[in-house]
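Written below as C-alpha coordinates is the structure these notes are about.
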Amino acid sequence: MESSIYPGRIVAIDPGDVRSAWVQIVEGRPERWSIDNNLHLRSRILDGAFSHAEYLVIEMIASYGMPVGATIFETCFWIGRFREAWRGPCVRLTRNRVKQHICHSARAKDSNIRQALIDRYGPGKERAIGRKAMPGPLYGVKSDLWAALAVGLTFLDQRGNVRVPAVPVELD
(Lines give C-alpha, C1' and ligand atoms only; values in the text may rest on other atoms or scores of the structure.)
Protein backbone atom coordinates (compact mmCIF):
# COMPACT_ATOMS: atom_id res chain seq x y z
CA MET A 1 0.00 0.00 0.00
CA GLU A 2 1.48 3.33 -1.04
CA SER A 3 1.43 5.87 1.75
CA SER A 4 1.49 8.81 -0.68
CA ILE A 5 -2.14 8.22 -1.67
CA TYR A 6 -3.24 8.66 1.96
CA PRO A 7 -1.88 11.97 3.16
CA GLY A 8 -2.47 13.10 6.70
CA ARG A 9 -3.90 11.77 9.91
CA ILE A 10 -7.47 11.09 10.87
CA VAL A 11 -9.38 9.69 13.83
CA ALA A 12 -12.34 7.46 12.98
CA ILE A 13 -15.03 6.50 15.50
CA ASP A 14 -17.61 3.73 15.55
CA PRO A 15 -19.90 5.24 18.20
CA GLY A 16 -21.91 3.34 20.74
CA ASP A 17 -24.34 4.22 23.49
CA VAL A 18 -21.82 3.56 26.31
CA ARG A 19 -18.49 2.73 24.66
CA SER A 20 -17.04 3.68 21.30
CA ALA A 21 -14.27 2.26 19.16
CA TRP A 22 -11.74 4.65 17.66
CA VAL A 23 -8.81 4.22 15.29
CA GLN A 24 -6.14 6.74 14.46
CA ILE A 25 -5.05 6.27 10.86
CA VAL A 26 -1.78 7.76 9.63
CA GLU A 27 -1.05 7.67 5.90
CA GLY A 28 -3.52 4.84 5.35
CA ARG A 29 -2.34 2.60 8.20
CA PRO A 30 -3.90 2.17 11.63
CA GLU A 31 -1.48 3.56 14.19
CA ARG A 32 -3.40 3.52 17.50
CA TRP A 33 -6.80 2.25 18.54
CA SER A 34 -8.97 1.48 21.52
CA ILE A 35 -12.50 0.93 22.71
CA ASP A 36 -13.22 3.50 25.41
CA ASN A 37 -16.03 4.64 27.62
CA ASN A 38 -17.70 7.55 25.81
CA LEU A 39 -17.05 10.07 28.58
CA HIS A 40 -13.36 9.11 28.60
CA LEU A 41 -13.10 9.36 24.81
CA ARG A 42 -14.76 12.77 24.80
CA SER A 43 -12.33 13.93 27.51
CA ARG A 44 -9.40 12.70 25.42
CA ILE A 45 -10.68 14.67 22.44
CA LEU A 46 -11.11 17.81 24.56
CA ASP A 47 -7.65 17.37 26.11
CA GLY A 48 -6.06 17.35 22.65
CA ALA A 49 -5.00 13.69 22.55
CA PHE A 50 -5.75 13.74 18.81
CA SER A 51 -4.76 17.33 18.08
CA HIS A 52 -2.36 16.25 15.33
CA ALA A 53 -5.21 14.65 13.35
CA GLU A 54 -6.74 16.63 10.50
CA TYR A 55 -10.24 15.11 10.52
CA LEU A 56 -12.64 13.33 12.79
CA VAL A 57 -14.71 10.78 10.89
CA ILE A 58 -17.74 9.29 12.65
CA GLU A 59 -20.12 6.55 11.59
CA MET A 60 -23.53 8.22 11.52
CA ILE A 61 -26.89 6.73 12.36
CA ALA A 62 -29.30 6.54 9.40
CA SER A 63 -32.98 5.68 9.30
CA TYR A 64 -34.04 2.62 7.36
CA GLY A 65 -37.70 2.76 8.38
CA MET A 66 -37.44 0.34 11.30
CA PRO A 67 -38.31 1.19 14.91
CA VAL A 68 -35.32 1.99 17.11
CA GLY A 69 -34.74 1.85 20.83
CA ALA A 70 -33.16 4.05 23.46
CA THR A 71 -29.63 2.87 22.66
CA ILE A 72 -29.83 4.38 19.17
CA PHE A 73 -30.87 7.75 20.58
CA GLU A 74 -28.09 7.58 23.16
CA THR A 75 -25.60 6.81 20.37
CA CYS A 76 -26.87 9.88 18.46
CA PHE A 77 -26.34 11.94 21.60
CA TRP A 78 -22.71 10.78 21.80
CA ILE A 79 -22.08 11.45 18.12
CA GLY A 80 -23.06 15.05 18.86
CA ARG A 81 -20.88 15.20 21.96
CA PHE A 82 -17.82 13.92 20.07
CA ARG A 83 -18.48 16.42 17.28
CA GLU A 84 -18.85 19.21 19.82
CA ALA A 85 -15.49 18.34 21.43
CA TRP A 86 -13.58 18.19 18.13
CA ARG A 87 -11.97 21.45 17.07
CA GLY A 88 -11.61 20.77 13.37
CA PRO A 89 -13.44 19.36 10.38
CA CYS A 90 -15.71 16.41 11.14
CA VAL A 91 -17.25 14.06 8.61
CA ARG A 92 -20.13 11.66 9.24
CA LEU A 93 -20.52 8.59 7.06
CA THR A 94 -23.45 6.19 7.20
CA ARG A 95 -22.95 2.48 7.70
CA ASN A 96 -24.49 1.82 4.27
CA ARG A 97 -21.94 4.05 2.55
CA VAL A 98 -19.10 2.27 4.37
CA LYS A 99 -20.42 -1.22 3.52
CA GLN A 100 -20.94 -0.22 -0.10
CA HIS A 101 -17.40 1.12 -0.36
CA ILE A 102 -15.52 -1.58 1.54
CA CYS A 103 -17.52 -4.62 0.34
CA HIS A 104 -19.32 -3.26 -2.74
CA SER A 105 -22.64 -4.37 -1.20
CA ALA A 106 -25.10 -2.75 1.19
CA ARG A 107 -25.94 -6.27 2.40
CA ALA A 108 -22.45 -6.86 3.82
CA LYS A 109 -22.18 -8.02 7.42
CA ASP A 110 -19.47 -7.31 10.00
CA SER A 111 -17.65 -10.51 9.01
CA ASN A 112 -17.55 -9.37 5.37
CA ILE A 113 -16.09 -6.01 6.37
CA ARG A 114 -13.46 -7.71 8.54
CA GLN A 115 -12.44 -10.02 5.68
CA ALA A 116 -12.29 -7.15 3.17
CA LEU A 117 -9.98 -5.22 5.51
CA ILE A 118 -7.78 -8.28 6.04
CA ASP A 119 -7.59 -8.70 2.25
CA ARG A 120 -6.70 -5.05 1.87
CA TYR A 121 -3.75 -5.23 4.27
CA GLY A 122 -2.78 -8.80 3.33
CA PRO A 123 -2.83 -10.79 1.26
CA GLY A 124 -4.02 -13.20 3.89
CA LYS A 125 -4.59 -13.12 7.61
CA GLU A 126 -0.97 -14.02 8.38
CA ARG A 127 0.33 -10.85 6.74
CA ALA A 128 -2.52 -8.51 7.73
CA ILE A 129 -2.91 -9.57 11.38
CA GLY A 130 0.13 -11.70 12.03
CA ARG A 131 1.04 -13.16 15.40
CA LYS A 132 2.46 -11.80 18.64
CA ALA A 133 6.00 -12.67 17.52
CA MET A 134 5.45 -11.08 14.10
CA PRO A 135 2.50 -8.66 14.25
CA GLY A 136 0.91 -7.30 11.09
CA PRO A 137 -0.62 -3.82 10.75
CA LEU A 138 -3.98 -5.09 12.07
CA TYR A 139 -2.61 -7.03 15.05
CA GLY A 140 -4.91 -6.30 18.00
CA VAL A 141 -7.83 -4.96 15.96
CA LYS A 142 -11.02 -6.61 17.26
CA SER A 143 -14.80 -6.23 17.55
CA ASP A 144 -15.99 -2.66 16.85
CA LEU A 145 -12.50 -1.52 15.90
CA TRP A 146 -13.04 -3.15 12.48
CA ALA A 147 -16.02 -0.83 11.91
CA ALA A 148 -14.04 2.23 13.01
CA LEU A 149 -11.21 1.30 10.65
CA ALA A 150 -13.68 0.78 7.79
CA VAL A 151 -15.19 4.24 8.41
CA GLY A 152 -11.78 5.88 8.34
CA LEU A 153 -10.61 4.09 5.22
CA THR A 154 -13.85 4.89 3.42
CA PHE A 155 -13.25 8.57 4.11
CA LEU A 156 -9.63 8.41 2.96
CA ASP A 157 -10.51 6.53 -0.22
CA GLN A 158 -13.41 8.82 -1.07
CA ARG A 159 -11.98 12.05 0.28
CA GLY A 160 -12.63 13.86 -3.00
CA ASN A 161 -16.28 12.73 -2.97
CA VAL A 162 -17.07 13.42 0.68
CA ARG A 163 -18.46 16.77 1.72
CA VAL A 164 -16.12 18.10 4.38
CA PRO A 165 -17.82 20.82 6.41
CA ALA A 166 -15.93 23.97 7.30
CA VAL A 167 -14.22 24.22 10.66
CA PRO A 168 -16.93 24.98 13.24
CA VAL A 169 -17.41 28.43 14.68
CA GLU A 170 -17.01 28.55 18.45
CA LEU A 171 -20.20 29.62 20.19
CA ASP A 172 -20.07 31.91 23.23
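Residue numbering restarts at 1 in every chain; chains get A, B, ... in the order shown in the C-alpha coordinates, and ligands count up from 1 in that same order.
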
Can you pull out every residue from chain A that DSSP, working from the backbone, puts in helix (DSSP H, G or I), and format the result as number ranges by chain? A: 3-5, 38-46, 70-85, 95-103, 110-121, 125-128, 145-157, 159-161

DSSP-assigned strand (DSSP E) among chain A, expressed as a ChimeraX atom specification: /A:9-14,19-26,29-37,55-60,90-94

Residue nearest A:Asn96 - candidates A:Phe50, A:Glu27, A:Gly16, A:Ile113, atoms counted: only C-alpha atoms: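 The closest residue to A:Asn96 is A:Ile113.
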
Find the residues around stretch 133-150 of chain A up to 8 Å (only C-alpha atoms counted), leave out those fewer than 3 positions away in its own chain, and share them as a PyMOL selection string. chain A and resi 12-14+20-23+25+29-30+33-35+58-59+98+102+110+113-114+117-118+121+126-130+153-154

Hey, which of A:Leu156, A:Val11, A:Ala116, A:Leu46 ends up closest to A:Cys90? Count only C-alpha atoms. A:Val11

Find, counting only C-alpha atoms, the residue in A:Pro67, A:Gly48, A:Gly124, A:Pro15 that gets nearest to A:Phe82. A:Pro15

How many Å lie between atom CA of A:Ile10 and atom CA of A:Ala70, rounded to one decimal?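 Separation between atom CA of A:Ile10 and atom CA of A:Ala70: 29.5 Å.
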